[in-house]
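S.K.: Once you've had a glance at the structure underneath, I'll fire off some questions.
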Amino acid sequence: MEPTAPEYRSGTSTHSSLSPGAANPSRHPGAPRPHDNGLSRRRFLKRVGAGAAGVSILAAGGADLLPSSASAAPGAGAGSPAKPKASHQWCMVIDLRYCDGCKQCTAACQKAHYLHEDQTWIRVFTMEGESGNTYHMPRPCMMCEDPPCVPVCPVSANFRTDEGLTLVNQQRCIGTRICMNACPYQARYFNWTSPAPAPRQPFAQTPEWPVPQVKGTVGKCVFCAAMLPAGKIPECVAGCPMGVLYLGDLESDVAVNGFGNVIKLSQFLADNDAVKFKEDYGTHPRVWYILGHGQDLGSDSEAS
Amino acid sequence: MTSTTTTGAGTAATQGEQRQAGDPIVPRPDIRQAALRSIGKSGRSWWVIVTTLGVIVVAGVVAWIFQLRDGLGAAGYNDRAFWAVYEADLVAFIGVSYGGAVVSAILRLTKASWRAPLTRIAEATALVTLPIGMLFIIPHLGSPEKIWELVWPPYWNLSSPILWDFFAVSTYLLATAVFFYLPLIPDVKVAISGDGVPPACAGLRYRLIRWLYATVGRSWDGTTGQRRILHGALGLVAIMIIPMAVSVHSVLSFAFSSSSRAGYLETILPVYFVIAALYTGVAIVIVAVVAFRRAYRLERWITKRHVVRLGFMMAALGAIYLYLTFTEYLIDGYSGTAGNAAWVHQIVAGRYWIPFWFYFVAAGVVPLLLIAIPRTRNVKGMTVASVLILFAMWVKRLVIVVPAATEPLVRSAITHGGAVSSGVAPASQGSPALGIGGGVAWGTYHFTWIPIAITVAATAAIPLLLMILFKIFPVMSVTELEEVAQLEGLEVDVDGVVRVLSGATSERPRAWRTGSGVPAARSGPPLHGSGSGAGLKRGRSDKQLQPESSRAPAREGAGTLSSPDAGSGAGGTTIGGDGE
């Protein structure tokens, strides 16, 4: 076993299927951290954790702990000025106005990743609106900018790439499931039994392409991270017959759906009053929802 | 030997001097004989019990192997019930190890001398239950083969509560082991000294035990200086072990709290966990004390009063726990936040109402009543209360773990299994895709035989390990008892009945019972005549010694032995003296 933790970063690719467009330095509304003045919960924990780490390092008198704890520090790759800026910042837009709840996104995802039926990495919830109407809400991983699942893992199996993807290193995951507890979106799934059989894959199982799944570890939506550099859109986006799901790139400010419709991301979000799910949790999700009439993303976001 | 002992104590008393901690310990063969009774040749019943318990433990290991083969799904888990019985076990078993810290450390620090016959059993219980609790992390983990990563610093994520759990519990285990080991050092010297290991204990086992004793008690001479150092060390560990115990369960609760779930994200959780741990810790000490008292016929040393006193500690903690439960559910239910209110509703009146109200009755109301009602305030009553508490608090841990985990976070109109999330819903279907499971549905969690077998095995491992431990080491702390006997005036009369320790073994002091403010014995003149070495003295106020000549006045009650100018209660200064 390697003595040092391998760091998975998928920021080397410059190739994109999306039209590069004009890089938009001015951030669109609601994009990264619109109200960043307070001390968020996540960052409070981080600071406490860092303080505790500092104390323990001092106590141990071992400076050799420092690099590991620095590399284990959650979200170190995101938004740290020293790092070269990644060429993509992946996000998703979900246009609930056109979702009819057919669940073909789930099916496409499960087929591509060889998942059990109950592992709904993108799950279509049937929600109840204010007037008792029902509507459908697909929920992939929110790819939070401040992911609650990352800092709680005892063995640093969760990490966030500099392209803004939160991934799980299933080779390292020991299965404490504390990340499932931390995730406010129920977006994490555990391999309670042996994973569904998958044909031999052309390359080894990686966090970007977690196929086959590993028994006794946590799996979740990865935005089909291995396909993105190859210029492919995720399976769910491609599989949606209504064009509800868009894969977006905050860097180039474009998004594309399964029909090949390309939109200017910031414009689209602003024009349609896009919202995020449970934004008040301070997780800064990178999935935007466009709501139609009588749709409100569930009672939680209202009540709290 | 016997005569020298008794006269030794008697001389001290008649001289009217307060013995100092540094004085050489006068050996007490009666104490030694009782404390070392557990060592040596095992009876038939010992082997029967140990074999039975061993079989149960092996069955648990077999169940775990099945779980290894089939995955955690075989234990009834699914993506909504991602934490369930093993987490409850982890909390419950680490929790009961607190008994050692409370009974031993707190009583040691408060210089409550009545602890003396209990400390060894309390510390041993802590030493045995803590590793068992820690072992629950193995069935809890999805990939136990990678558990080494927890001790591999490059992988550490220092912001993770689980990692700090691991640090805290490991440190606490070390402290518990030291706390068990330190008082053992003088004891093994006693055991090895001749009136220790009985001659029946011959052969290989005898040689092994002798070797172990020689190792443990190496370089211990029992000099005043050594004893002072040992006392200092014990005091230090007793002080350190209390914050350590608090930290363990606080950090354990942080693992739950680092979420957005109602029932986990609660400020009350660390306190709640710590109090629950202390509560069950005292309960398991009572059970262990009563069991070994009976098995090794220690009734003379561990009296009803000891058990009842532990019962009082337990009652206080149980009342605090009840209060915390009330506070938590009241405020969460009142809050009006959708998730919190639904969670409280599910527990109090929803699908978890049976286990919750079972806790309320079996670990809340009934133990308090058993302690409150004088008729049941005895060894049997305390034992029943403790056993009830231990089981019902395990159920309560499940009520803490499972409903909060399974309460949906995405409050959709239709949740898993078609159950409507608002209000009382029928138990949902678990995860049909797993194809295993079955068992008893508990919300979205399904009990299967595997976690039950593992939990039962862990429970059986506690008496098993304790019985083996006490085959090797004395069941009571000889040195501590002898010191207390010397300092506090442990009185032995002709037929060896220890009056002070046994306090009111058979009956309460009459003065206490009749309820008169001043015991009759007090108003009389001090009894005179030291007689046949029946010396006694008192610990706290040493102005006046009241040696007694005959047995009868002593039996009048502990009041005889107490100072006339002591406080209002009778017998406040005796070892087994009443604190009621």
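By convention here, the chains of the structure tokens are called A, B, ... in the order presented, each chain's residues are numbered starting at 1, and ligands are numbered starting at 1 in the order presented.
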Select from chain B every residue with an atom at most 6 Å from any atom of chain A, then for each give the shortest pair of atoms and their distance in Å to one decimal, using only C-alpha atoms, rows by chain and rising number, as JSON lines.

M.R.:
```
{"residue": "B:Asp70", "atom": "CA", "partner": "A:Thr193", "partner_atom": "CA", "distance": 5.9}
{"residue": "B:Gly71", "atom": "CA", "partner": "A:Thr193", "partner_atom": "CA", "distance": 4.6}
{"residue": "B:Leu72", "atom": "CA", "partner": "A:Trp192", "partner_atom": "CA", "distance": 5.0}
{"residue": "B:Gly73", "atom": "CA", "partner": "A:Trp192", "partner_atom": "CA", "distance": 4.4}
{"residue": "B:Asp79", "atom": "CA", "partner": "A:Tyr189", "partner_atom": "CA", "distance": 5.8}
{"residue": "B:Leu141", "atom": "CA", "partner": "A:Gly175", "partner_atom": "CA", "distance": 5.1}
{"residue": "B:Gly142", "atom": "CA", "partner": "A:Gly216", "partner_atom": "CA", "distance": 3.9}
{"residue": "B:Ser143", "atom": "CA", "partner": "A:Ile174", "partner_atom": "CA", "distance": 4.8}
{"residue": "B:Lys146", "atom": "CA", "partner": "A:Ile174", "partner_atom": "CA", "distance": 5.8}
{"residue": "B:Pro154", "atom": "CA", "partner": "A:Ser68", "partner_atom": "CA", "distance": 5.2}
{"residue": "B:Tyr155", "atom": "CA", "partner": "A:Val155", "partner_atom": "CA", "distance": 4.9}
{"residue": "B:Trp156", "atom": "CA", "partner": "A:Val155", "partner_atom": "CA", "distance": 5.0}
{"residue": "B:Asn157", "atom": "CA", "partner": "A:Pro154", "partner_atom": "CA", "distance": 5.1}
{"residue": "B:Leu158", "atom": "CA", "partner": "A:Ala53", "partner_atom": "CA", "distance": 5.8}
{"residue": "B:Ser159", "atom": "CA", "partner": "A:Gly49", "partner_atom": "CA", "distance": 4.2}
{"residue": "B:Ser160", "atom": "CA", "partner": "A:Val152", "partner_atom": "CA", "distance": 4.1}
{"residue": "B:Ile162", "atom": "CA", "partner": "A:Pro154", "partner_atom": "CA", "distance": 5.7}
{"residue": "B:Leu163", "atom": "CA", "partner": "A:Pro154", "partner_atom": "CA", "distance": 4.9}
{"residue": "B:Ser258", "atom": "CA", "partner": "A:Ala182", "partner_atom": "CA", "distance": 5.9}
{"residue": "B:Ser259", "atom": "CA", "partner": "A:Ala182", "partner_atom": "CA", "distance": 4.1}
{"residue": "B:Ser260", "atom": "CA", "partner": "A:Pro184", "partner_atom": "CA", "distance": 5.9}
{"residue": "B:Arg411", "atom": "CA", "partner": "A:Gly298", "partner_atom": "CA", "distance": 5.9}
{"residue": "B:Ser412", "atom": "CA", "partner": "A:Met127", "partner_atom": "CA", "distance": 4.4}
{"residue": "B:Ala413", "atom": "CA", "partner": "A:Met127", "partner_atom": "CA", "distance": 4.9}
{"residue": "B:Ile414", "atom": "CA", "partner": "A:Thr126", "partner_atom": "CA", "distance": 5.9}
```

S.K.: Determine which residues of range 236-289 of chain A DSSP labels as helix (DSSP H, G or I) from the backbone of this structure, then write them out as a list in words.

M.R.: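 In range 236-289 of chain A, DSSP puts these residues in helix (DSSP H, G or I): Cys236, Val237, Ala238, Gly239, Leu265, Ser266, Gln267, Phe268, Leu269, Ala270, Asp271, Glu279, Asp280 and Tyr281 of chain A.
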
S.K.: Using only C-alpha atoms, determine which residues lie at most 9 Å from Thr459 in chain B, disregarding the query and same-chain residues fewer than 6 positions distant; provide the list as a list in words.

M.R.: Val57, Phe93, Thr129 and Ile132 of chain B

S.K.: Each residue of range 182-236 of chain A with at least one atom at most 10 Å from range 92-104 of chain A should appear once, together with its nearest atom pair and the corresponding distance in Å (one decimal); atoms considered: only C-alpha atoms; ordering: chain, then increasing residue number; output as JSON lines.

M.R.:
```
{"residue": "A:Phe223", "atom": "CA", "partner": "A:Met92", "partner_atom": "CA", "distance": 8.8}
{"residue": "A:Glu235", "atom": "CA", "partner": "A:Gln104", "partner_atom": "CA", "distance": 9.9}
{"residue": "A:Cys236", "atom": "CA", "partner": "A:Gln104", "partner_atom": "CA", "distance": 7.5}
```

S.K.: Write a file of the just-selected residues containing N, CA and C atoms, as a PDB file, in the first residue's frame.

M.R.:
```
ATOM      1  N   PHE A 223     -21.732  12.578 -11.539  1.00  0.00           N
ATOM      2  CA  PHE A 223     -21.879  13.379 -12.764  1.00  0.00           C
ATOM      3  C   PHE A 223     -21.181  12.694 -13.941  1.00  0.00           C
ATOM      4  N   GLU A 235     -25.019  10.272 -18.349  1.00  0.00           N
ATOM      5  CA  GLU A 235     -26.030   9.352 -18.847  1.00  0.00           C
ATOM      6  C   GLU A 235     -27.443   9.854 -18.582  1.00  0.00           C
ATOM      7  N   CYS A 236     -27.662  10.419 -17.398  1.00  0.00           N
ATOM      8  CA  CYS A 236     -29.010  10.867 -17.064  1.00  0.00           C
ATOM      9  C   CYS A 236     -29.428  12.024 -17.970  1.00  0.00           C
TER      10      CYS A 236
END
```

S.K.: Go through A:Arg160, A:Lys111, A:Lys85, A:Lys276 and flag the residue nearest Ala196 in chain A, using only C-alpha atoms for the distances.

M.R.: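 Ranked by minimum distance to Ala196 in chain A, first place goes to A:Lys111.
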
S.K.: Just to confirm, what's the straight-line distance from CA of Gln226 in chain B to CA of Gln486 in chain B in Å (one decimal)?

M.R.: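 Computing the Euclidean distance for CA of Gln226 in chain B and CA of Gln486 in chain B yields 18.0 Å.
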
S.K.: Point out the residue among B:Ile462, B:Ile94, B:Met476, B:Ala214 with the least atom-to-atom distance to Val50 in chain B, counting only C-alpha atoms.

M.R.: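 Nearest to Val50 in chain B: B:Ile462.
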
S.K.: Closest to Glu163 in chain A among A:Lys232, A:Lys264, A:Arg286, A:His113, using only C-alpha atoms?

M.R.: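 Residue with the minimum atom-to-atom distance to Glu163 in chain A: A:Arg286.
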
S.K.: Between CA of Gly235 in chain B and CA of Ala177 in chain B, what is the distance in Å, rounded to a tenth?

M.R.: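 It comes out at 14.8 Å.
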
S.K.: One decimal, Å: what's the distance from CA of Val366 in chain B over to CA of Ala283 in chain B, could you say?

M.R.: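 Distance reported for this atom pair: 13.6 Å.
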
S.K.: Write out as number ranges by chain which residues come within 9 Å of range 354-359 of chain B when counting only C-alpha atoms, dropping same-chain ones fewer than 6 positions away.

M.R.: B: 347-348, 365, 389, 391-396, 398-399

S.K.: Mind writing the picked residues with C-alpha atoms as a PDB file, in the first residue's frame?

M.R.:
```pdb
ATOM      1  CA  ILE B 347     -41.444   8.338  18.411  1.00  0.00           C
ATOM      2  CA  VAL B 348     -44.149   9.343  20.830  1.00  0.00           C
ATOM      3  CA  VAL B 365     -40.702   4.985  35.975  1.00  0.00           C
ATOM      4  CA  ILE B 389     -32.535  -0.325  32.856  1.00  0.00           C
ATOM      5  CA  PHE B 391     -32.302  -3.613  28.461  1.00  0.00           C
ATOM      6  CA  ALA B 392     -34.630  -0.650  28.197  1.00  0.00           C
ATOM      7  CA  MET B 393     -31.764   1.772  27.701  1.00  0.00           C
ATOM      8  CA  TRP B 394     -30.505  -0.362  24.833  1.00  0.00           C
ATOM      9  CA  VAL B 395     -33.958  -0.032  23.349  1.00  0.00           C
ATOM     10  CA  LYS B 396     -33.774   3.699  23.987  1.00  0.00           C
ATOM     11  CA  LEU B 398     -32.323   2.242  19.158  1.00  0.00           C
ATOM     12  CA  VAL B 399     -35.011   4.887  19.518  1.00  0.00           C
TER      13      VAL B 399
END
```

S.K.: Can you tell me which residues surround Glu145 in chain A at a distance of at most 7 Å, considering only C-alpha atoms, apart from same-chain residues fewer than 2 positions away, and format the answer as a PyMOL selection string?

M.R.: chain A and resi 143+147+164+283-286
